[in-house]
Each structure stands twice: as C-alpha cells, then as structure tokens.
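Read through the structure below, which is laid out as structure tokens, and then see the notes.
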Amino acid sequence: MGFSTHHSPLARYKMSNETLQAVRGMNDILPDEAGLWLWFEEVVRDWLHSYGYRNIRMPLVEPTALFKRAIGEVTDIVEKEMYSFEDSLNGDQLTLRPEGTASCVRAVLQHNLLYNAPQRLYYSGQMFRHERPQKGRYRQFHQYGVEALGYAGPDIDAEQILMCARLWKKLGLRDVTLQLNTLGDSASRQRHREKLIAYFEQHQESLDADATRRLHSNPLRILDSKNPAMQELIAGAPRLMDELEPEALAHFAAVQEILTRHGVPFEINPRLVRGLDYYNRTVFEWVTTRLGAQGTICAGGRYDGLIEQIGGKPAPAIGFAMGVERLLALLQEDGMALPGPELDAYVVHQGELASGLAGLVAENLRDAGLRVALHCGGGSFKSQMKKADASGARVTIVIGDDEAQAQQVSVKPMQGGEQVRVSVQDAAETVIQFIEQE
Ligand code: HAM
C-alpha cells in the first residue's frame, strides 16, 4: 500500500470534529430498551422449543448468487435492496443477507441435514435491506425465522399458523389478524402468468412504468401495485383461484379446516402474493392496523420448489419470519416496558484495606448467585452512596476501615429499614434475606 494524501472518511470526520453516527436505518438498541428485547427473546425461545424447533445459525454474508436464485431476479429485494459488494481479496460477489430462508436452505443442503430426516429449524438475527427508512422499516432489522423442511402436508402449514397464534397470546398482543391465500403449484401459476400477460398486453396503455417493466418478467407483481390509477385494471385481471389444481385446492381447504377446528380466525386475501418468488401454495401474513404503513409483523408460506432450485433433491418446505422491531413496537404501544437485569447489591468502600476486602466480598456474593456491582473509581462515601442509589441496587454493602479491620460489612437496604453489620461470611445470606423480605 502506498502513502495516500487522501483522507479516509473516518479521518475527515475527525478533522471536521463531527460526531460519528450510526448508518441511516440501522438502530442502536440502548440498555433501557434492551430489557424488553431480552424478555422477548426468552419467551420466543421457549415457545419455539415447545414445538420441537431447533436452532441453526448461518453467516450474515452469503454469495450474492444464492439470494438471486432463491428470492428471484425480478423482485424488489434483489433489484434494489441488497447490500452487495465484491470481496476485495478474491473478487467474490457477496451480499449481507436480506432474509434467512435462502441461507437456511443452503446450510441444510451443504450439511446434508435433510437426509432421511425432516427438520424443524429456527434462526434469529439481523437482516439487511436497503429500503427507505420509516417507522417499522429499517435497513438493518431483526427477524426470528422458522422453517420446517421435508414436510408436505397441510398439517404443518396449520401448525405453523397455530404456533403464531399461541405466541401472540403469550405476548398479550392485541389487534393482529391473519391473512391467508394459496398460490397453487407451478403449472397453475404458469397458466395464470400467461393469462395475466395476455390481459395486461391488451391494456398496455394503462400500465405505469413499473408495471410495463414487469409485464414479461414478473407480471404477478403488477397485482401488488399500490398505484391508485391501476386498481381498476388490476381488479379485472384473471384470477389465480380459477386456475388452481384440485390437489392445491384440497391442501388449502385442509389448512382452513384445521384452523377453524382450533378456533383461529382468518381472512382469505386473494391479493396476497408476497414479495419473494419462492412461494407456492399456502402463504400467510399476520397484520395489524396499529403500526401505520408497516403493519405486517410476521409472514411466510410454503416453498416446495426452493430446495431443488438451490441444488438439493426435491423436498417440500414451509416457513415464516417475524419482524422483531415491529412486534416490540406493538407491545410498546400497549405500554409494555421492561428494565434490564437489576442489581441486587452495590458495594461501596473506602481505604486501602476496605478496597481489598470489597473485591473479595463482591466475588463471594456472586458465588451465591447475586448480581453485584463493585464501585470503581474511588470518591467520597457520599458520592459513592449516590451511585449506589442511582444503580437501582436493592442493598448497598458498605465497607470502611472499621468494617475491614473487623472482617465485617454493613448491609443497607435501599428501600428503607435498619442497616446491619455482619461478618464477611454472613454477607450473602443477609443480602438474600433482605431481598426476600421486600
Ligand atoms: P418477509 O416478508 O420479507 O419474509 O419478511 C418477514 C418479516 O420481516 C416482515 O413481515 C416484517 O415483519 C419484517 N421485515 C421485513 N423487512 C423489514 C424492514 N425493512 N424493517 C423491519 N422489519 C422488516 C421473509 O423474509 C421470508 N424469509 C419469510 C419466510 C421464512 N418465508 C418462509 N420462511
């Protein structure tokens, strides 16, 4: 590398004395909010395990070709939302994952997990899409993804939907409704596609630019258009429902029958087509009207062709993913807020002897399972007590020279009550008693 007179962006920022900011659309989750995330993650993990799903963790970066092949070349995600780059060392084309299904299927095939065994799997973490940020829509967001691979029947479709309904109940979510549709199989979709193209070709003068571009590459997505001027044309378009094979219809009827048996209401929405190309048969979205335009909190469907498309032996599959930011926003709308892990004890100390003992006492308390902050950075007792107060700890352990010489500590309950002085050995027991009395 040669010496460059150009300054890096970082250096320019430093010189201009500006504060560095996170990338637009990528959020920090600060400690006050992280409590809710931690609680949510625990609830979701228990729920997934209660249905026999097992965790899988894939890289955040994959070959660009994987997403192109899985999601489809003519989709918003692949056309304009992927963070793609060339590996400067070897020229590989790479992409920050915009979703998890493609990676999950890739991993399952690469490690031969489907050999003679269907798989119920889940993953969680960041996804990246270069969308225009707004409330509920971010460039880095978090999903929980749930995939059942190697399952063909309507029973698993219904189970995944029932699972969701159970989670909403556990979380106390209000006002979410289920939209359901079937996309049929590839032959019927092909027939429908041809009819759509013929229909839109007859009305080319009424198509907007997006629709014209998609007319031959992805006419189904024209049905998704939000352009008011096109709604009448779309309403009159040939319907996939009219092309569906008896098997696909029977599958869809069976899913509905199971949902009805379990008392899960749904609305059939023939316009629900999803933004990724891998779907067939059952598709669903859980939506709320309480988050403005970004009201889909969870979405998924069957993708029976994807495994073969990525190079595996044909196998059916279905899955869904929920957007964590949107779910938590909905919970926060209802006033839900949870603090992060609380402290049981804050240890203040002054003097050399006391400071040495304080470290040992703090470790002893942690041995007993307590959550302890040891004051660091010195200062008067008064200022340390202020820190103890602000920490939210339930008791403060005070160690001065007096205590240290006697191998004792003072234990002060922060909610009021008598301070007591006990031996170092009895400190943990005393703290626990105070906490239990509260
Ligand atoms: P998706 O509909 O693209 O599906 O995303 C699933 C959910 O992720 C959405 O319903 C939404 O809650 C959340 N989400 C998507 N984009 C954003 C964003 N920019 N900001 C915030 N939240 C967002 C999939 O990703 C499929 N992989 C789901 C799936 C799994 N299908 C089968 N298996």
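In the structure tokens, the first chain shown is A, the next is B, and so on; residue numbers restart at 1 for each chain, and ligands run from 1 in the order shown.
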
Exercise. Looking only at the backbone, which of the residues in region 151-311 of chain A does DSSP tag as strand (DSSP E), as number ranges by chain?
Worked result: A: 177-182, 267-268, 280-287, 296-302

Exercise. Neighbours of ligand 1 within 6 Å, counting only C-alpha atoms and all ligand atoms, as a ChimeraX atom specification?
Worked result: /A:99-101,129,136-139,141,143,145,147,296-301,318-323,326

Problem set entry | Spatial neighbours of Gly150 (chain A), max dist 10 Å, only C-alpha atoms, sep filter under 5 positions, as a PyMOL selection string | chain A and resi 114-120+304+307+314-318

Tell me which protein, DNA and RNA residues are within 9 Å of region 276-285 of chain A, counting only C-alpha atoms, leaving out same-chain ones fewer than 4 positions away, and put them as a short mmCIF file (atom, residue, chain, number, x, y, z; two decimals) with all heavy atoms, in the first residue's frame.
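The result, stored in out-v3.cif:
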data_model
loop_
_atom_site.label_atom_id
_atom_site.label_comp_id
_atom_site.auth_asym_id
_atom_site.auth_seq_id
_atom_site.Cartn_x
_atom_site.Cartn_y
_atom_site.Cartn_z
N ALA A 70 -32.67 -17.72 -5.12
CA ALA A 70 -33.76 -18.11 -4.22
C ALA A 70 -34.90 -17.09 -4.23
O ALA A 70 -36.07 -17.45 -4.37
CB ALA A 70 -33.23 -18.27 -2.80
N ILE A 71 -34.57 -15.82 -4.09
CA ILE A 71 -35.62 -14.80 -3.92
C ILE A 71 -36.20 -14.40 -5.27
O ILE A 71 -37.38 -14.07 -5.38
CB ILE A 71 -35.03 -13.56 -3.19
CG1 ILE A 71 -34.54 -13.97 -1.81
CG2 ILE A 71 -36.06 -12.46 -3.06
CD1 ILE A 71 -33.72 -12.91 -1.09
N GLY A 72 -35.36 -14.47 -6.33
CA GLY A 72 -35.83 -14.14 -7.67
C GLY A 72 -35.20 -12.86 -8.18
O GLY A 72 -35.11 -11.88 -7.44
N GLU A 73 -34.77 -12.87 -9.44
CA GLU A 73 -34.06 -11.71 -10.03
C GLU A 73 -34.97 -10.49 -10.11
O GLU A 73 -34.52 -9.37 -9.93
CB GLU A 73 -33.58 -12.05 -11.46
CG GLU A 73 -32.57 -13.17 -11.52
CD GLU A 73 -31.13 -12.66 -11.53
OE1 GLU A 73 -30.93 -11.44 -11.42
OE2 GLU A 73 -30.22 -13.51 -11.65
N VAL A 74 -36.26 -10.73 -10.39
CA VAL A 74 -37.15 -9.58 -10.60
C VAL A 74 -38.00 -9.32 -9.37
O VAL A 74 -39.22 -9.32 -9.42
CB VAL A 74 -38.04 -9.79 -11.84
CG1 VAL A 74 -38.68 -8.46 -12.27
CG2 VAL A 74 -37.22 -10.35 -12.99
N THR A 75 -37.35 -9.15 -8.24
CA THR A 75 -38.06 -8.80 -7.01
C THR A 75 -37.44 -7.51 -6.49
O THR A 75 -36.31 -7.18 -6.82
CB THR A 75 -37.87 -9.88 -5.94
OG1 THR A 75 -36.46 -10.08 -5.74
CG2 THR A 75 -38.50 -11.20 -6.35
N ASP A 76 -38.20 -6.78 -5.66
CA ASP A 76 -37.66 -5.54 -5.10
C ASP A 76 -36.37 -5.81 -4.34
O ASP A 76 -35.41 -5.05 -4.44
CB ASP A 76 -38.68 -4.90 -4.14
CG ASP A 76 -39.77 -4.17 -4.92
OD1 ASP A 76 -39.59 -3.99 -6.14
OD2 ASP A 76 -40.78 -3.79 -4.30
N ILE A 77 -36.37 -6.89 -3.58
CA ILE A 77 -35.19 -7.17 -2.74
C ILE A 77 -33.95 -7.30 -3.61
O ILE A 77 -32.95 -6.63 -3.38
CB ILE A 77 -35.40 -8.46 -1.90
CG1 ILE A 77 -36.54 -8.25 -0.89
CG2 ILE A 77 -34.11 -8.84 -1.18
CD1 ILE A 77 -36.83 -9.46 -0.02
N PRO A 154 -50.79 -30.41 4.75
CA PRO A 154 -51.40 -29.19 5.29
C PRO A 154 -51.30 -29.12 6.82
O PRO A 154 -51.46 -28.06 7.41
CB PRO A 154 -52.87 -29.31 4.86
CG PRO A 154 -53.09 -30.76 4.58
CD PRO A 154 -51.77 -31.33 4.14
N ASP A 157 -48.57 -26.75 7.79
CA ASP A 157 -48.96 -25.36 7.47
C ASP A 157 -49.80 -24.82 8.62
O ASP A 157 -49.55 -23.73 9.15
CB ASP A 157 -49.80 -25.28 6.18
CG ASP A 157 -49.12 -25.90 4.97
OD1 ASP A 157 -48.28 -26.79 5.15
OD2 ASP A 157 -49.46 -25.50 3.84
N ILE A 161 -49.15 -21.83 11.69
CA ILE A 161 -50.04 -20.69 11.92
C ILE A 161 -50.57 -20.71 13.36
O ILE A 161 -50.63 -19.68 14.04
CB ILE A 161 -51.19 -20.71 10.88
CG1 ILE A 161 -50.60 -20.42 9.49
CG2 ILE A 161 -52.26 -19.71 11.24
CD1 ILE A 161 -51.56 -20.67 8.34
N THR A 177 -54.39 -9.70 12.84
CA THR A 177 -55.28 -10.60 12.12
C THR A 177 -54.49 -11.39 11.09
O THR A 177 -53.41 -10.99 10.66
CB THR A 177 -56.40 -9.81 11.39
OG1 THR A 177 -55.78 -8.83 10.57
CG2 THR A 177 -57.33 -9.13 12.37
N LEU A 178 -55.06 -12.52 10.73
CA LEU A 178 -54.39 -13.45 9.84
C LEU A 178 -54.97 -13.36 8.43
O LEU A 178 -56.17 -13.49 8.23
CB LEU A 178 -54.57 -14.87 10.39
CG LEU A 178 -54.12 -16.03 9.50
CD1 LEU A 178 -52.63 -15.95 9.22
CD2 LEU A 178 -54.48 -17.36 10.16
N GLN A 179 -54.09 -13.12 7.47
CA GLN A 179 -54.47 -13.12 6.06
C GLN A 179 -53.89 -14.36 5.42
O GLN A 179 -52.72 -14.68 5.64
CB GLN A 179 -53.88 -11.91 5.37
CG GLN A 179 -54.22 -10.61 6.04
CD GLN A 179 -54.98 -9.71 5.12
OE1 GLN A 179 -54.65 -9.59 3.94
NE2 GLN A 179 -56.02 -9.09 5.64
N LEU A 180 -54.72 -15.01 4.63
CA LEU A 180 -54.33 -16.31 4.10
C LEU A 180 -54.61 -16.35 2.60
O LEU A 180 -55.58 -15.78 2.13
CB LEU A 180 -55.23 -17.33 4.81
CG LEU A 180 -54.83 -18.78 4.93
CD1 LEU A 180 -53.50 -18.91 5.65
CD2 LEU A 180 -55.92 -19.54 5.70
N ASN A 181 -53.73 -17.05 1.87
CA ASN A 181 -54.00 -17.24 0.44
C ASN A 181 -53.28 -18.49 -0.02
O ASN A 181 -52.43 -19.03 0.68
CB ASN A 181 -53.51 -16.02 -0.37
CG ASN A 181 -54.01 -16.04 -1.81
OD1 ASN A 181 -55.00 -16.71 -2.11
ND2 ASN A 181 -53.33 -15.33 -2.69
N THR A 182 -53.64 -18.98 -1.19
CA THR A 182 -52.86 -20.04 -1.80
C THR A 182 -52.38 -19.58 -3.16
O THR A 182 -53.12 -18.90 -3.89
CB THR A 182 -53.65 -21.36 -1.94
OG1 THR A 182 -52.80 -22.32 -2.58
CG2 THR A 182 -54.94 -21.19 -2.74
N LEU A 183 -51.14 -19.91 -3.47
CA LEU A 183 -50.59 -19.53 -4.78
C LEU A 183 -50.59 -20.71 -5.74
O LEU A 183 -50.06 -20.61 -6.86
CB LEU A 183 -49.15 -19.02 -4.61
CG LEU A 183 -48.97 -17.81 -3.69
CD1 LEU A 183 -47.50 -17.42 -3.62
CD2 LEU A 183 -49.80 -16.63 -4.18
N GLY A 184 -51.13 -21.85 -5.30
CA GLY A 184 -51.18 -23.01 -6.18
C GLY A 184 -49.79 -23.56 -6.48
O GLY A 184 -48.82 -23.22 -5.81
N ASP A 185 -49.72 -24.41 -7.50
CA ASP A 185 -48.45 -25.04 -7.86
C ASP A 185 -47.91 -24.41 -9.14
O ASP A 185 -48.57 -23.59 -9.77
CB ASP A 185 -48.64 -26.54 -7.99
CG ASP A 185 -48.95 -27.14 -6.64
OD1 ASP A 185 -48.30 -26.74 -5.66
OD2 ASP A 185 -49.86 -27.98 -6.55
N SER A 186 -46.74 -24.89 -9.58
CA SER A 186 -46.08 -24.16 -10.65
C SER A 186 -46.86 -24.21 -11.97
O SER A 186 -46.92 -23.21 -12.69
CB SER A 186 -44.64 -24.62 -10.83
OG SER A 186 -44.61 -26.00 -11.02
N ARG A 189 -49.62 -21.73 -11.79
CA ARG A 189 -49.07 -20.37 -11.80
C ARG A 189 -48.59 -19.98 -13.18
O ARG A 189 -48.73 -18.84 -13.61
CB ARG A 189 -47.95 -20.25 -10.76
CG ARG A 189 -48.52 -20.09 -9.36
CD ARG A 189 -47.70 -19.12 -8.53
NE ARG A 189 -46.32 -19.51 -8.53
CZ ARG A 189 -45.84 -20.53 -7.84
NH1 ARG A 189 -46.67 -21.26 -7.12
NH2 ARG A 189 -44.57 -20.82 -7.87
N ALA A 248 -54.08 -28.68 -5.02
CA ALA A 248 -53.73 -27.45 -4.30
C ALA A 248 -54.95 -26.91 -3.55
O ALA A 248 -54.84 -26.43 -2.42
CB ALA A 248 -53.20 -26.40 -5.28
N LEU A 249 -56.12 -27.03 -4.18
CA LEU A 249 -57.34 -26.56 -3.52
C LEU A 249 -57.65 -27.41 -2.29
O LEU A 249 -58.04 -26.89 -1.24
CB LEU A 249 -58.52 -26.61 -4.50
CG LEU A 249 -58.53 -25.48 -5.52
CD1 LEU A 249 -59.59 -25.74 -6.60
CD2 LEU A 249 -58.80 -24.13 -4.83
N HIS A 251 -55.50 -29.06 -0.49
CA HIS A 251 -54.50 -28.70 0.52
C HIS A 251 -54.93 -27.43 1.27
O HIS A 251 -54.92 -27.40 2.50
CB HIS A 251 -53.16 -28.47 -0.19
CG HIS A 251 -52.00 -28.21 0.73
ND1 HIS A 251 -51.02 -29.15 0.98
CD2 HIS A 251 -51.66 -27.11 1.47
CE1 HIS A 251 -50.14 -28.64 1.84
NE2 HIS A 251 -50.49 -27.40 2.13
N PHE A 252 -55.36 -26.46 0.52
CA PHE A 252 -55.77 -25.18 1.11
C PHE A 252 -57.00 -25.35 2.00
O PHE A 252 -57.09 -24.80 3.10
CB PHE A 252 -56.04 -24.17 -0.01
CG PHE A 252 -56.15 -22.75 0.45
CD1 PHE A 252 -55.26 -22.23 1.39
CD2 PHE A 252 -57.12 -21.90 -0.07
CE1 PHE A 252 -55.34 -20.91 1.81
CE2 PHE A 252 -57.22 -20.58 0.34
CZ PHE A 252 -56.33 -20.08 1.28
N VAL A 255 -55.98 -26.89 5.30
CA VAL A 255 -55.36 -25.91 6.22
C VAL A 255 -56.47 -25.12 6.92
O VAL A 255 -56.48 -24.96 8.15
CB VAL A 255 -54.42 -24.95 5.45
CG1 VAL A 255 -53.90 -23.86 6.38
CG2 VAL A 255 -53.27 -25.70 4.80
N LEU A 272 -52.92 -11.49 -1.78
CA LEU A 272 -51.67 -11.71 -1.04
C LEU A 272 -50.73 -12.57 -1.88
O LEU A 272 -50.97 -13.76 -2.08
CB LEU A 272 -52.00 -12.43 0.28
CG LEU A 272 -50.83 -12.73 1.21
CD1 LEU A 272 -50.24 -11.44 1.74
CD2 LEU A 272 -51.30 -13.58 2.37
N THR A 296 -47.21 -5.42 8.72
CA THR A 296 -47.04 -6.88 8.70
C THR A 296 -45.98 -7.27 9.73
O THR A 296 -44.81 -6.92 9.59
CB THR A 296 -46.61 -7.36 7.30
OG1 THR A 296 -47.55 -6.86 6.35
CG2 THR A 296 -46.59 -8.87 7.23
N ILE A 297 -46.40 -7.99 10.74
CA ILE A 297 -45.44 -8.34 11.80
C ILE A 297 -44.83 -9.72 11.58
O ILE A 297 -43.81 -10.04 12.16
CB ILE A 297 -46.08 -8.28 13.20
CG1 ILE A 297 -47.34 -9.15 13.27
CG2 ILE A 297 -46.40 -6.84 13.58
CD1 ILE A 297 -47.80 -9.40 14.69
N CYS A 298 -45.47 -10.51 10.73
CA CYS A 298 -44.99 -11.88 10.56
C CYS A 298 -45.54 -12.40 9.23
O CYS A 298 -46.69 -12.13 8.90
CB CYS A 298 -45.53 -12.71 11.72
SG CYS A 298 -45.22 -14.47 11.58
N ALA A 299 -44.70 -13.10 8.47
CA ALA A 299 -45.16 -13.51 7.15
C ALA A 299 -44.40 -14.73 6.68
O ALA A 299 -43.24 -14.94 7.05
CB ALA A 299 -44.94 -12.37 6.16
N GLY A 300 -45.07 -15.54 5.85
CA GLY A 300 -44.37 -16.71 5.33
C GLY A 300 -45.24 -17.53 4.41
O GLY A 300 -46.26 -17.04 3.90
N GLY A 301 -44.83 -18.76 4.21
CA GLY A 301 -45.59 -19.64 3.34
C GLY A 301 -44.77 -20.84 2.90
O GLY A 301 -43.62 -21.01 3.30
N ARG A 302 -45.40 -21.60 2.05
CA ARG A 302 -44.80 -22.84 1.56
C ARG A 302 -43.83 -22.53 0.41
O ARG A 302 -44.06 -21.60 -0.37
CB ARG A 302 -45.95 -23.74 1.08
CG ARG A 302 -45.57 -25.15 0.82
CD ARG A 302 -46.78 -26.08 0.84
NE ARG A 302 -46.97 -26.66 2.15
CZ ARG A 302 -46.15 -27.54 2.72
NH1 ARG A 302 -45.06 -27.95 2.09
NH2 ARG A 302 -46.40 -28.02 3.92
N TYR A 303 -42.72 -23.25 0.36
CA TYR A 303 -41.76 -23.06 -0.74
C TYR A 303 -41.24 -24.42 -1.21
O TYR A 303 -40.08 -24.77 -1.04
CB TYR A 303 -40.63 -22.10 -0.34
CG TYR A 303 -39.93 -22.40 0.97
CD1 TYR A 303 -38.77 -23.18 1.00
CD2 TYR A 303 -40.40 -21.91 2.19
CE1 TYR A 303 -38.11 -23.45 2.20
CE2 TYR A 303 -39.76 -22.18 3.39
CZ TYR A 303 -38.62 -22.95 3.38
OH TYR A 303 -37.98 -23.23 4.57
N ASP A 304 -42.16 -25.16 -1.84
CA ASP A 304 -41.85 -26.55 -2.20
C ASP A 304 -40.78 -26.69 -3.28
O ASP A 304 -40.18 -27.75 -3.42
CB ASP A 304 -43.13 -27.26 -2.65
CG ASP A 304 -44.13 -27.41 -1.50
OD1 ASP A 304 -43.68 -27.45 -0.34
OD2 ASP A 304 -45.35 -27.46 -1.78
N GLY A 305 -40.54 -25.62 -4.06
CA GLY A 305 -39.58 -25.74 -5.15
C GLY A 305 -38.18 -25.26 -4.81
O GLY A 305 -37.24 -25.48 -5.56
N LEU A 306 -38.02 -24.61 -3.67
CA LEU A 306 -36.76 -23.90 -3.41
C LEU A 306 -35.57 -24.84 -3.18
O LEU A 306 -34.46 -24.58 -3.66
CB LEU A 306 -36.93 -22.97 -2.19
CG LEU A 306 -35.70 -22.15 -1.83
CD1 LEU A 306 -35.29 -21.22 -2.96
CD2 LEU A 306 -35.94 -21.34 -0.55
N ILE A 318 -41.97 -25.34 4.40
CA ILE A 318 -42.77 -24.14 4.71
C ILE A 318 -42.11 -23.40 5.86
O ILE A 318 -41.44 -24.02 6.69
CB ILE A 318 -44.24 -24.52 5.06
CG1 ILE A 318 -45.05 -23.26 5.39
CG2 ILE A 318 -44.31 -25.54 6.20
CD1 ILE A 318 -46.55 -23.48 5.42
N PHE A 320 -41.83 -19.21 8.06
CA PHE A 320 -42.25 -17.81 8.20
C PHE A 320 -41.20 -17.05 8.99
O PHE A 320 -40.31 -17.67 9.60
CB PHE A 320 -43.61 -17.72 8.92
CG PHE A 320 -43.61 -18.24 10.33
CD1 PHE A 320 -43.30 -17.41 11.40
CD2 PHE A 320 -43.93 -19.56 10.60
CE1 PHE A 320 -43.29 -17.90 12.70
CE2 PHE A 320 -43.93 -20.06 11.90
CZ PHE A 320 -43.61 -19.22 12.95
#

Exercise. Per DSSP on the backbone, what are the helix (DSSP H, G or I) residues of region 329-408 of chain A, as a ChimeraX atom specification?
Worked result: /A:329-333,352-367,381-391,401-405

For this session: For each of A:Gly295, A:Pro98, A:Gly35, A:Gly236, take the minimum atom-to-atom distance to Thr64 (chain A), counting only C-alpha atoms, then give the residue where this is smallest.
Result: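 Of all the options, A:Pro98 lies closest to Thr64 (chain A).
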
For this session: Just give me the gap between CA of Arg239 (chain A) and CA of Ala152 (chain A) in Å, one decimal is fine.
Result: 24.9 Å
